[in-house]
$ cat model_16.txt   # compact mmCIF, C-alpha atoms
# COMPACT_ATOMS: atom_id res chain seq x y z
CA MET H 1 3.37 11.59 45.16
CA HIS H 2 5.21 8.81 43.39
CA SER H 3 8.49 7.34 44.56
CA VAL H 4 11.78 8.35 42.93
CA LEU H 5 13.93 5.53 41.52
CA THR H 6 17.30 4.81 43.11
CA LYS H 7 19.64 1.88 42.34
CA PHE H 8 21.37 -0.21 44.98
CA VAL H 9 23.14 -3.57 44.96
CA CYS H 10 21.66 -6.47 46.90
CA SER H 11 23.73 -9.07 48.71
CA ASP H 12 23.24 -11.40 45.74
CA GLY H 13 24.91 -8.82 43.46
CA ARG H 14 21.82 -7.93 41.42
CA ARG H 15 20.67 -4.37 40.96
CA ARG H 16 17.31 -3.38 42.38
CA LEU H 17 15.26 -0.22 42.30
CA GLU H 18 14.06 1.26 45.59
CA PRO H 19 12.37 4.52 46.66
CA ARG H 20 14.81 7.25 47.58
CA GLN H 21 14.78 8.12 51.27
CA GLY H 22 12.27 10.83 52.11
CA ALA H 23 10.08 10.17 49.08
CA ARG H 24 6.63 8.75 49.72
CA ALA H 25 5.34 5.93 47.56
CA ALA H 26 1.79 6.22 46.30
CA ASN H 27 1.33 2.44 46.44
CA PRO H 28 3.18 -0.35 48.27
CA PRO H 29 5.69 -2.42 46.26
CA LYS H 30 4.08 -5.11 44.12
CA ILE H 31 5.33 -8.49 43.02
CA ASN H 32 4.53 -9.86 39.57
CA ASN H 33 4.30 -13.48 38.51
CA MET H 34 8.02 -13.59 37.67
CA ASN H 35 8.90 -13.14 41.37
CA GLN H 36 10.57 -9.79 40.75
CA GLN H 37 10.22 -6.66 42.86
CA ILE H 38 8.17 -4.03 41.04
CA ILE H 39 7.97 -0.32 41.73
CA THR H 40 5.62 2.44 40.65
CA LEU H 41 7.24 4.67 38.02
CA SER H 42 7.59 8.35 38.81
CA LYS H 43 5.54 10.98 37.02
CA ASN H 44 7.67 13.64 38.75
CA LEU H 45 10.79 12.81 36.77
CA PRO H 46 11.48 14.75 33.54
CA ILE H 47 11.65 11.37 31.76
CA PRO H 48 8.60 9.99 29.92
CA LEU H 49 6.98 7.07 31.71
CA TYR H 50 7.31 4.80 28.69
CA HIS H 51 11.07 5.45 28.67
CA GLN H 52 11.33 4.70 32.41
CA LEU H 53 9.53 1.39 31.88
CA LYS H 54 11.62 0.62 28.81
CA THR H 55 14.83 1.24 30.79
CA LEU H 56 13.63 -0.85 33.73
CA LEU H 57 12.81 -3.83 31.50
CA LEU H 58 16.06 -3.48 29.57
CA GLU H 59 18.11 -3.51 32.79
CA ARG H 60 16.37 -6.65 34.01
CA ILE H 61 17.06 -8.40 30.73
CA ARG H 62 20.72 -7.37 30.77
CA ALA H 63 21.03 -8.49 34.39
CA GLY H 64 19.72 -11.92 33.44
CA GLU H 65 16.54 -11.62 35.51
CA MET H 66 14.56 -12.18 32.32
CA LYS H 67 16.15 -14.67 29.95
CA PRO H 68 15.76 -15.32 26.22
CA ASN H 69 12.33 -16.72 25.34
CA ASP H 70 10.85 -15.77 28.75
CA ARG H 71 7.32 -14.50 28.29
CA LEU H 72 6.49 -11.05 29.67
CA PRO H 73 3.26 -10.38 31.55
CA ALA H 74 0.33 -9.14 29.46
CA GLU H 75 0.08 -5.42 28.72
CA ASP H 76 -2.82 -4.85 31.14
CA GLU H 77 -0.91 -6.66 33.90
CA LEU H 78 2.22 -4.58 33.30
CA ALA H 79 0.09 -1.42 33.27
CA ALA H 80 -1.55 -2.27 36.61
CA THR H 81 1.73 -3.33 38.19
CA HIS H 82 3.56 -0.15 37.21
CA GLY H 83 0.65 2.28 37.59
CA VAL H 84 0.67 3.43 33.97
CA SER H 85 -1.67 3.20 30.99
CA LYS H 86 -1.68 0.35 28.48
CA ALA H 87 -0.63 2.88 25.82
CA THR H 88 2.51 3.64 27.84
CA VAL H 89 3.28 -0.06 28.19
CA ARG H 90 2.66 -0.66 24.50
CA GLN H 91 5.04 2.12 23.48
CA ALA H 92 7.80 0.77 25.74
CA LEU H 93 7.36 -2.76 24.43
CA ASN H 94 7.20 -1.63 20.80
CA GLU H 95 10.46 0.29 21.10
CA LEU H 96 12.19 -2.68 22.71
CA ALA H 97 10.82 -4.91 19.95
CA VAL H 98 12.11 -2.57 17.22
CA ALA H 99 15.51 -2.61 18.95
CA GLY H 100 15.46 -6.41 18.84
CA VAL H 101 15.37 -6.82 22.62
CA LEU H 102 11.85 -8.25 22.66
CA ARG H 103 9.95 -10.46 20.23
CA ARG H 104 6.20 -9.94 19.79
CA GLU H 105 4.16 -12.88 18.49
CA GLN H 106 0.57 -12.32 17.43
CA GLY H 107 -1.80 -14.31 19.60
CA ARG H 108 0.95 -15.52 21.93
CA GLY H 109 2.43 -12.47 23.63
CA THR H 110 5.76 -10.73 24.09
CA PHE H 111 8.99 -12.61 24.72
CA VAL H 112 12.61 -11.77 25.47
CA ALA H 113 14.46 -12.10 22.17
CA GLU H 114 17.55 -14.21 21.62
CA PRO H 115 20.81 -12.21 21.47
CA LYS H 116 21.57 -10.86 18.03
CA LEU H 117 24.28 -12.33 15.84
CA ALA H 118 26.92 -9.85 14.78
CA GLN H 119 27.12 -9.33 11.03
CA GLY H 120 29.82 -7.19 9.49
CA PRO H 121 33.21 -7.13 7.76
CA ARG H 122 34.81 -10.50 8.40
CA GLU H 123 36.27 -13.54 6.70
CA MET H 124 33.83 -14.74 4.05
CA THR H 125 32.02 -17.85 5.26
CA SER H 126 28.88 -19.77 4.45
CA PHE H 127 25.80 -19.68 6.65
CA THR H 128 26.59 -23.27 7.66
CA ASP H 129 30.13 -22.46 8.78
CA GLU H 130 29.02 -19.29 10.55
CA MET H 131 26.34 -21.06 12.59
CA ARG H 132 28.69 -23.90 13.49
CA SER H 133 31.29 -21.42 14.71
CA ARG H 134 28.67 -19.93 17.04
CA GLY H 135 27.67 -23.29 18.48
CA PHE H 136 24.41 -23.69 16.54
CA HIS H 137 23.30 -26.66 14.47
CA PRO H 138 22.63 -25.33 10.96
CA ALA H 139 19.93 -26.74 8.70
CA SER H 140 17.99 -25.69 5.63
CA LYS H 141 14.57 -26.22 4.18
CA VAL H 142 14.74 -26.05 0.40
CA LEU H 143 11.87 -23.88 -0.85
CA LYS H 144 12.87 -23.84 -4.53
CA GLN H 145 15.60 -25.54 -6.52
CA ASP H 146 15.34 -25.27 -10.27
CA VAL H 147 16.98 -24.12 -13.48
CA ILE H 148 15.70 -20.85 -14.93
CA LYS H 149 16.72 -18.23 -17.46
CA ALA H 150 18.61 -15.35 -15.89
CA GLU H 151 16.66 -12.12 -15.84
CA SER H 152 18.44 -8.87 -16.56
CA ASP H 153 19.37 -7.91 -12.98
CA VAL H 154 20.75 -11.38 -12.13
CA ALA H 155 22.55 -11.63 -15.47
CA GLU H 156 24.17 -8.24 -14.93
CA LYS H 157 25.46 -9.22 -11.48
CA LEU H 158 26.78 -12.56 -12.74
CA GLY H 159 28.33 -11.03 -15.85
CA ILE H 160 26.46 -13.37 -18.21
CA ALA H 161 24.03 -12.88 -21.07
CA GLU H 162 20.39 -12.32 -20.20
CA GLY H 163 18.51 -15.59 -20.66
CA SER H 164 21.50 -17.78 -19.77
CA GLN H 165 20.70 -20.80 -17.64
CA VAL H 166 21.24 -20.41 -13.91
CA MET H 167 20.38 -22.54 -10.93
CA ARG H 168 18.04 -20.89 -8.46
CA LEU H 169 18.30 -22.17 -4.90
CA LYS H 170 15.90 -20.67 -2.36
CA ARG H 171 16.25 -21.91 1.21
CA LEU H 172 14.90 -21.20 4.66
CA ARG H 173 17.99 -21.13 6.88
CA LEU H 174 17.68 -22.46 10.43
CA ALA H 175 19.87 -22.55 13.54
CA ASP H 176 18.93 -25.14 16.17
CA GLY H 177 15.61 -25.43 14.38
CA GLU H 178 14.82 -21.71 14.59
CA PRO H 179 14.27 -19.79 11.31
CA MET H 180 17.00 -17.18 10.84
CA GLY H 181 16.60 -16.04 7.27
CA ILE H 182 15.58 -16.71 3.68
CA GLN H 183 18.31 -16.93 1.05
CA THR H 184 17.96 -17.15 -2.72
CA ALA H 185 21.15 -17.92 -4.66
CA TYR H 186 21.68 -17.77 -8.42
CA LEU H 187 24.65 -19.58 -10.01
CA PRO H 188 25.62 -19.91 -13.70
CA LEU H 189 25.10 -23.52 -14.79
CA ALA H 190 28.02 -23.14 -17.20
CA LEU H 191 30.34 -23.34 -14.18
CA ALA H 192 28.72 -26.43 -12.65
CA PRO H 193 26.27 -28.16 -15.02
CA GLN H 194 25.13 -30.82 -12.50
CA LEU H 195 24.74 -28.47 -9.55
CA ALA H 196 20.94 -28.44 -9.73
CA GLN H 197 20.90 -32.19 -8.98
CA GLU H 198 22.56 -31.80 -5.56
CA ASP H 199 20.67 -32.14 -2.27
CA PHE H 200 21.10 -28.94 -0.26
CA THR H 201 18.89 -29.83 2.69
CA ASP H 202 21.90 -30.19 5.00
CA ALA H 203 24.77 -29.42 2.66
CA SER H 204 26.67 -26.15 2.41
CA LEU H 205 26.58 -24.66 -1.07
CA TYR H 206 30.19 -23.51 -0.76
CA GLU H 207 31.33 -26.96 0.43
CA VAL H 208 29.64 -28.67 -2.53
CA LEU H 209 31.10 -26.17 -5.00
CA GLU H 210 34.62 -26.66 -3.68
CA ARG H 211 34.51 -30.41 -3.09
CA LYS H 212 32.78 -31.48 -6.32
CA TYR H 213 33.54 -28.72 -8.77
CA GLY H 214 36.79 -27.17 -7.55
CA LEU H 215 35.11 -23.76 -7.26
CA TRP H 216 35.37 -21.45 -4.27
CA PRO H 217 34.63 -17.77 -3.77
CA ALA H 218 37.78 -15.76 -3.24
CA ARG H 219 36.01 -12.51 -2.42
CA ALA H 220 32.55 -11.03 -2.30
CA GLN H 221 30.74 -7.72 -2.09
CA GLU H 222 27.71 -7.40 0.18
CA THR H 223 25.13 -4.65 0.45
CA TYR H 224 22.69 -4.33 3.38
CA VAL H 225 19.36 -2.53 3.51
CA ALA H 226 16.83 -2.30 6.35
CA VAL H 227 13.41 -3.61 5.28
CA LEU H 228 10.05 -4.72 6.68
CA LEU H 229 8.96 -8.32 6.18
CA ASP H 230 5.93 -9.00 4.03
CA ARG H 231 3.34 -11.55 5.16
CA ALA H 232 4.86 -14.48 3.27
CA GLU H 233 8.37 -13.81 4.58
CA ALA H 234 7.10 -13.25 8.12
CA LYS H 235 5.19 -16.53 8.05
CA LEU H 236 8.32 -18.45 7.02
CA LEU H 237 10.42 -16.74 9.70
CA LYS H 238 7.69 -17.14 12.36
CA VAL H 239 7.51 -13.45 13.24
CA ALA H 240 4.87 -10.77 12.81
CA ALA H 241 4.29 -9.15 9.42
CA ASP H 242 6.10 -5.81 9.01
CA SER H 243 8.79 -6.92 11.47
CA PRO H 244 12.19 -5.30 10.76
CA ALA H 245 14.74 -7.33 8.83
CA LEU H 246 18.09 -7.00 7.09
CA SER H 247 18.10 -7.45 3.34
CA ALA H 248 21.52 -8.47 2.05
CA GLU H 249 22.79 -8.83 -1.51
CA ARG H 250 26.03 -10.73 -2.08
CA VAL H 251 27.97 -11.20 -5.30
CA ALA H 252 30.87 -13.65 -4.87
CA TYR H 253 33.79 -13.96 -7.29
CA LEU H 254 36.34 -16.61 -8.21
CA THR H 255 40.05 -15.84 -8.09
CA SER H 256 39.81 -15.16 -11.85
CA GLY H 257 37.35 -12.36 -11.18
CA GLN H 258 34.40 -14.23 -12.70
CA ALA H 259 31.17 -14.03 -10.69
CA LEU H 260 30.27 -17.32 -9.02
CA GLU H 261 26.98 -16.48 -7.31
CA ALA H 262 24.48 -13.71 -6.66
CA THR H 263 22.62 -14.29 -3.40
CA TYR H 264 19.72 -12.32 -1.93
CA SER H 265 19.07 -12.79 1.79
CA ILE H 266 16.39 -11.64 4.21
CA MET H 267 17.63 -12.07 7.78
CA ARG H 268 15.55 -11.53 10.92
CA GLY H 269 16.12 -8.09 12.42
CA ASP H 270 15.67 -9.44 15.96
CA ARG H 271 18.53 -11.92 15.48
CA TYR H 272 21.07 -9.97 13.43
CA GLN H 273 22.91 -6.71 13.88
CA ILE H 274 25.57 -4.97 11.78
CA VAL H 275 28.89 -4.43 13.54
CA LEU H 276 31.56 -2.33 11.82
CA ASP H 277 35.21 -2.30 12.89
CA LEU H 278 36.35 1.23 12.05
CA THR H 279 39.81 2.78 12.18
CA ARG H 280 41.04 6.29 11.52
CA HIS H 281 44.44 7.19 10.18
CA GLN H 282 46.36 9.92 11.95
CA LEU H 283 46.68 13.15 10.02
CA LYS H 284 50.09 13.71 8.50
CA LYS H 285 52.05 16.43 10.25
$ encode --input "model_16.txt" --output "structure tokens"
Amino acid sequence: MHSVLTKFVCSDGRRRLEPRQGARAANPPKINNMNQQIITLSKNLPIPLYHQLKTLLLERIRAGEMKPNDRLPAEDELAATHGVSKATVRQALNELAVAGVLRREQGRGTFVAEPKLAQGPREMTSFTDEMRSRGFHPASKVLKQDVIKAESDVAEKLGIAEGSQVMRLKRLRLADGEPMGIQTAYLPLALAPQLAQEDFTDASLYEVLERKYGLWPARAQETYVAVLLDRAEAKLLKVAADSPALSAERVAYLTSGQALEATYSIMRGDRYQIVLDLTRHQLKK
């Protein structure tokens, strides 16, 4: 018979899991290489074993016992420690990875993910300003910077004729050296003819537009879609192919109502989450 899980608080304030009194444990408690007390999960509970393991790992992460970028034991070690199959371990880890709690790297293992950055209705800022406000050092690697003819979809969003000249700026966006997303911006050259000559390695696009050209976005509309990364995107972002991501499309406008930019972003799903601040008006009596 397996032990039944019961929570109690240790003298150091951390939650532990111990066998309930009267229940017999099939195996003695085990200690893994992270110096944490491990228990055997219960097959007698009406809760799937993978979900029990998933909950146990999640609680340890939330309690700070496993910190961001800590590496988890290998699947076979977790399976032996908890008395379950590797398939059970894999399902628990996969669900935590999809939720953005863990990060799985091919050939390296499974790691605790960094906390996600909240993304949602807010004051419009640049990536540079947003990262600075969160205490990160922003940087960019310019992947493409050229002048091209606007294709129909870009031209429609910018409100210009198809074939008009636009600057294309594709950048890998980083925070403290870690890849966060890939952004491709399109801007009409008619608004800023010399814009394509600027160096955007460390510069904010919005700062350059305002400082040198007197242009700033007064408002913008953004659309988000959940996507899976292709191999090229995953390689740039240093995550596994088919990892979840947020695809964002922004069209920013000047105070006159003229479109200033159309930007397409792919942001890592393990580092971003959408947060909506919702209100409801009281029904009129």
$ closest_residue --input "model_16.txt" --among "H:Ala97, H:Leu158, H:Pro193, H:Asp230" --to "Lys54 of chain H" --atoms "all atoms listed in the file"
H:Ala97
$ atom_distance --input "model_16.txt" --atom1 "atom CA of Gly83 of chain H" --atom2 "atom CA of Pro46 of chain H"
17.0 Å
$ atom_distance --input "model_16.txt" --atom1 "atom CA of Ala63 of chain H" --atom2 "atom CA of Phe111 of chain H"
16.0 Å
$ closest_residue --input "model_16.txt" --among "H:Ala74, H:Ala150, H:Met66, H:Leu172" --to "Glu114 of chain H" --atoms "all atoms listed in the file"
H:Met66
$ residues_around --input "model_16.txt" --residues "Gln197 of chain H" --least-positions-apart "6" --cutoff "10 Å" --atoms "all atoms listed in the file" --output "list in words"
Gln145, Asp146 and Met167 of chain H
$ residues_around --input "model_16.txt" --residues "segment 270-276 of chain H" --least-positions-apart "5" --cutoff "12 Å" --atoms "all atoms listed in the file" --output "MDAnalysis selection string"
chainID H and resid 68 96:104 111:122 174:175 178:181 223:226 228:229 237:240 243:248
$ write_last_selection --input "model_16.txt" --atoms "C-alpha atoms" --output "compact mmCIF listing (two decimals), keeping the file's coordinate frame"
# COMPACT_ATOMS: atom_id res chain seq x y z
CA PRO H 68 15.76 -15.32 26.22
CA LEU H 96 12.19 -2.68 22.71
CA ALA H 97 10.82 -4.91 19.95
CA VAL H 98 12.11 -2.57 17.22
CA ALA H 99 15.51 -2.61 18.95
CA GLY H 100 15.46 -6.41 18.84
CA VAL H 101 15.37 -6.82 22.62
CA LEU H 102 11.85 -8.25 22.66
CA ARG H 103 9.95 -10.46 20.23
CA ARG H 104 6.20 -9.94 19.79
CA PHE H 111 8.99 -12.61 24.72
CA VAL H 112 12.61 -11.77 25.47
CA ALA H 113 14.46 -12.10 22.17
CA GLU H 114 17.55 -14.21 21.62
CA PRO H 115 20.81 -12.21 21.47
CA LYS H 116 21.57 -10.86 18.03
CA LEU H 117 24.28 -12.33 15.84
CA ALA H 118 26.92 -9.85 14.78
CA GLN H 119 27.12 -9.33 11.03
CA GLY H 120 29.82 -7.19 9.49
CA PRO H 121 33.21 -7.13 7.76
CA ARG H 122 34.81 -10.50 8.40
CA LEU H 174 17.68 -22.46 10.43
CA ALA H 175 19.87 -22.55 13.54
CA GLU H 178 14.82 -21.71 14.59
CA PRO H 179 14.27 -19.79 11.31
CA MET H 180 17.00 -17.18 10.84
CA GLY H 181 16.60 -16.04 7.27
CA THR H 223 25.13 -4.65 0.45
CA TYR H 224 22.69 -4.33 3.38
CA VAL H 225 19.36 -2.53 3.51
CA ALA H 226 16.83 -2.30 6.35
CA LEU H 228 10.05 -4.72 6.68
CA LEU H 229 8.96 -8.32 6.18
CA LEU H 237 10.42 -16.74 9.70
CA LYS H 238 7.69 -17.14 12.36
CA VAL H 239 7.51 -13.45 13.24
CA ALA H 240 4.87 -10.77 12.81
CA SER H 243 8.79 -6.92 11.47
CA PRO H 244 12.19 -5.30 10.76
CA ALA H 245 14.74 -7.33 8.83
CA LEU H 246 18.09 -7.00 7.09
CA SER H 247 18.10 -7.45 3.34
CA ALA H 248 21.52 -8.47 2.05
